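Before any comments, here is the structure.
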Amino acid sequence: MSIHLHRHHHNRLREQISTLGKSLFDRGLTMGSSGNISVRLDDGGWLMTPTNACLGRLDPARISHLDQHGQLLSGDAPTKEQFLHMAMYEERPQSGAIVHLHSTHSVAVSCLPGVDPCDCIPPLTAYYVMRVGKLPLVPYHIPGDPKLGDA
């Protein structure tokens, strides 16, 4: 792929990340500077939202571009949850993108007494059973704690 087409593809992905981030923010699925988005690139690198960025006001030009080793190539410093995204991509090599949110509803579920850490949401709908199946609950870690990637 020529450098021009490569750059055009990255710019389009940056615009899509910004549009998705605004949609998630506007729907109240994340607030403040919480949450992050990443996209795996064909060359093994990633685009990731920057650290401390509000998903409702992303500047496509400032989205972090990382190489296949996680080194910053352009844009602002990546989310402090970069290691978590990389761990998820390693665990699920078929995944092309990750959206990590801290929505009010998911946080509330994590605080319920008696939650089964192996399956924290009961099978409420057929769609949920087909698309999600079982949803494990990861123990609390402070933001940016590398142990979260192992968990």
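Every chain in the structure tokens has a letter given in the order shown (A, B, ...), and although residue numbers restart at 1 in each chain, ligands are simply numbered from 1 in the order shown.
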
| request: Would you list, as a list in words, the residues of segment 70-141 of chain A that end up in alpha helix (DSSP H) under DSSP run on this structure's backbone? | output: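 These are the residues in question: Gln82, Phe83, Leu84, His85, Met86, Ala87, Met88, Tyr89, Glu90, Glu91, Thr104, His105, Ser106, Val107, Ala108, Val109, Ser110, Ala126, Tyr127, Tyr128, Val129, Met130 and Arg131 of chain A.
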
| task | Taking the chain letters and numbering used in this document, name the residues of chain A that DSSP puts in strand (DSSP E or B), as an MDAnalysis selection string. | result | chainID A and resid 36:40 46:48 50 64:66 72:74 78 97:100

File dump, residues just selected, N, CA, C and O atoms, as a PDB file, in the first residue's frame:
ATOM      1  N   ASN A  36     -11.694   4.484  26.789  1.00  0.00           N
ATOM      2  CA  ASN A  36     -10.704   4.573  25.721  1.00  0.00           C
ATOM      3  C   ASN A  36     -11.069   3.621  24.593  1.00  0.00           C
ATOM      4  O   ASN A  36     -11.819   2.665  24.787  1.00  0.00           O
ATOM      5  N   ILE A  37     -10.535   3.929  23.415  1.00  0.00           N
ATOM      6  CA  ILE A  37     -10.829   3.170  22.192  1.00  0.00           C
ATOM      7  C   ILE A  37      -9.512   2.885  21.493  1.00  0.00           C
ATOM      8  O   ILE A  37      -8.617   3.734  21.466  1.00  0.00           O
ATOM      9  N   SER A  38      -9.392   1.693  20.911  1.00  0.00           N
ATOM     10  CA  SER A  38      -8.219   1.381  20.092  1.00  0.00           C
ATOM     11  C   SER A  38      -8.646   0.603  18.858  1.00  0.00           C
ATOM     12  O   SER A  38      -9.700  -0.039  18.843  1.00  0.00           O
ATOM     13  N   VAL A  39      -7.810   0.673  17.821  1.00  0.00           N
ATOM     14  CA  VAL A  39      -8.025  -0.060  16.578  1.00  0.00           C
ATOM     15  C   VAL A  39      -6.705  -0.704  16.192  1.00  0.00           C
ATOM     16  O   VAL A  39      -5.660  -0.043  16.203  1.00  0.00           O
ATOM     17  N   ARG A  40      -6.767  -1.987  15.854  1.00  0.00           N
ATOM     18  CA  ARG A  40      -5.564  -2.683  15.385  1.00  0.00           C
ATOM     19  C   ARG A  40      -5.358  -2.357  13.904  1.00  0.00           C
ATOM     20  O   ARG A  40      -6.304  -2.403  13.115  1.00  0.00           O
ATOM     21  N   TRP A  46      -1.211   0.145  16.249  1.00  0.00           N
ATOM     22  CA  TRP A  46      -2.524   0.509  16.778  1.00  0.00           C
ATOM     23  C   TRP A  46      -2.744   2.005  16.692  1.00  0.00           C
ATOM     24  O   TRP A  46      -1.793   2.794  16.732  1.00  0.00           O
ATOM     25  N   LEU A  47      -4.004   2.388  16.648  1.00  0.00           N
ATOM     26  CA  LEU A  47      -4.443   3.745  16.948  1.00  0.00           C
ATOM     27  C   LEU A  47      -5.158   3.653  18.279  1.00  0.00           C
ATOM     28  O   LEU A  47      -5.968   2.732  18.489  1.00  0.00           O
ATOM     29  N   MET A  48      -4.865   4.567  19.211  1.00  0.00           N
ATOM     30  CA  MET A  48      -5.507   4.566  20.528  1.00  0.00           C
ATOM     31  C   MET A  48      -5.843   5.989  20.930  1.00  0.00           C
ATOM     32  O   MET A  48      -5.107   6.921  20.594  1.00  0.00           O
ATOM     33  N   PRO A  50      -5.885   9.132  23.272  1.00  0.00           N
ATOM     34  CA  PRO A  50      -4.833   9.603  24.177  1.00  0.00           C
ATOM     35  C   PRO A  50      -5.231   9.519  25.648  1.00  0.00           C
ATOM     36  O   PRO A  50      -6.414   9.465  25.986  1.00  0.00           O
ATOM     37  N   SER A  64      -3.331   8.698  19.270  1.00  0.00           N
ATOM     38  CA  SER A  64      -2.014   8.068  19.325  1.00  0.00           C
ATOM     39  C   SER A  64      -1.872   7.000  18.250  1.00  0.00           C
ATOM     40  O   SER A  64      -2.755   6.166  18.079  1.00  0.00           O
ATOM     41  N   HIS A  65      -0.747   7.023  17.543  1.00  0.00           N
ATOM     42  CA  HIS A  65      -0.402   5.978  16.580  1.00  0.00           C
ATOM     43  C   HIS A  65       0.816   5.246  17.138  1.00  0.00           C
ATOM     44  O   HIS A  65       1.869   5.839  17.364  1.00  0.00           O
ATOM     45  N   LEU A  66       0.644   3.943  17.408  1.00  0.00           N
ATOM     46  CA  LEU A  66       1.703   3.125  17.993  1.00  0.00           C
ATOM     47  C   LEU A  66       2.173   2.080  16.996  1.00  0.00           C
ATOM     48  O   LEU A  66       1.376   1.579  16.192  1.00  0.00           O
ATOM     49  N   LEU A  72       5.185   4.946  20.616  1.00  0.00           N
ATOM     50  CA  LEU A  72       4.442   6.055  20.032  1.00  0.00           C
ATOM     51  C   LEU A  72       5.134   6.560  18.772  1.00  0.00           C
ATOM     52  O   LEU A  72       6.315   6.892  18.798  1.00  0.00           O
ATOM     53  N   LEU A  73       4.385   6.601  17.660  1.00  0.00           N
ATOM     54  CA  LEU A  73       4.900   7.120  16.396  1.00  0.00           C
ATOM     55  C   LEU A  73       4.430   8.546  16.141  1.00  0.00           C
ATOM     56  O   LEU A  73       5.162   9.362  15.598  1.00  0.00           O
ATOM     57  N   SER A  74       3.169   8.827  16.503  1.00  0.00           N
ATOM     58  CA  SER A  74       2.636  10.176  16.311  1.00  0.00           C
ATOM     59  C   SER A  74       1.421  10.356  17.209  1.00  0.00           C
ATOM     60  O   SER A  74       0.883   9.398  17.758  1.00  0.00           O
ATOM     61  N   PRO A  78      -0.499   7.741  24.488  1.00  0.00           N
ATOM     62  CA  PRO A  78      -1.695   6.894  24.484  1.00  0.00           C
ATOM     63  C   PRO A  78      -2.310   6.741  25.872  1.00  0.00           C
ATOM     64  O   PRO A  78      -1.685   7.045  26.887  1.00  0.00           O
ATOM     65  N   ALA A  97     -10.805  -4.094  17.078  1.00  0.00           N
ATOM     66  CA  ALA A  97     -10.986  -2.850  17.821  1.00  0.00           C
ATOM     67  C   ALA A  97     -11.479  -3.172  19.226  1.00  0.00           C
ATOM     68  O   ALA A  97     -12.084  -4.221  19.456  1.00  0.00           O
ATOM     69  N   ILE A  98     -11.211  -2.248  20.144  1.00  0.00           N
ATOM     70  CA  ILE A  98     -11.646  -2.405  21.533  1.00  0.00           C
ATOM     71  C   ILE A  98     -12.217  -1.075  22.005  1.00  0.00           C
ATOM     72  O   ILE A  98     -11.620  -0.015  21.785  1.00  0.00           O
ATOM     73  N   VAL A  99     -13.365  -1.146  22.662  1.00  0.00           N
ATOM     74  CA  VAL A  99     -13.965   0.000  23.329  1.00  0.00           C
ATOM     75  C   VAL A  99     -14.041  -0.357  24.803  1.00  0.00           C
ATOM     76  O   VAL A  99     -14.682  -1.331  25.180  1.00  0.00           O
ATOM     77  N   HIS A 100     -13.368   0.420  25.639  1.00  0.00           N
ATOM     78  CA  HIS A 100     -13.300   0.172  27.080  1.00  0.00           C
ATOM     79  C   HIS A 100     -13.981   1.353  27.778  1.00  0.00           C
ATOM     80  O   HIS A 100     -13.496   2.480  27.683  1.00  0.00           O
TER      81      HIS A 100
END

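Using only C-alpha atoms, the nearest neighbour of Gly75 of chain A within the list A:Cys120, A:Leu58, A:Val109, A:Leu20 is A:Leu58.
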
| said: Just want the 6 Å neighbourhood of Ser33 of chain A, counted on only C-alpha atoms, with same-chain residues fewer than 2 positions away dropped. Output as a ChimeraX atom specification. | reply: /A:52-54

| field | Residue nearest Asp42 of chain A among A:Ser110, A:Thr104, A:Thr19, A:Ser95 (counting only C-alpha atoms) | value |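 Closest to Asp42 of chain A, using only C-alpha atoms: A:Ser95.
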
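Across the structure, atom CA of Lys22 of chain A and atom CA of Thr79 of chain A are spaced 16.7 Å apart.
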
Determine, for each residue of segment 56-119 of chain A having at least one atom at most 6 Å from an atom of segment 23-32 of chain A, the closest pair of atoms and their separation in Å to one decimal, counting only C-alpha atoms; order by chain and ascending number, as JSON lines.
{"residue": "A:Gly56", "atom": "CA", "partner": "A:Phe25", "partner_atom": "CA", "distance": 5.0}
{"residue": "A:Leu101", "atom": "CA", "partner": "A:Thr30", "partner_atom": "CA", "distance": 5.9}
{"residue": "A:His102", "atom": "CA", "partner": "A:Thr30", "partner_atom": "CA", "distance": 5.7}
{"residue": "A:Ser103", "atom": "CA", "partner": "A:Leu29", "partner_atom": "CA", "distance": 4.6}
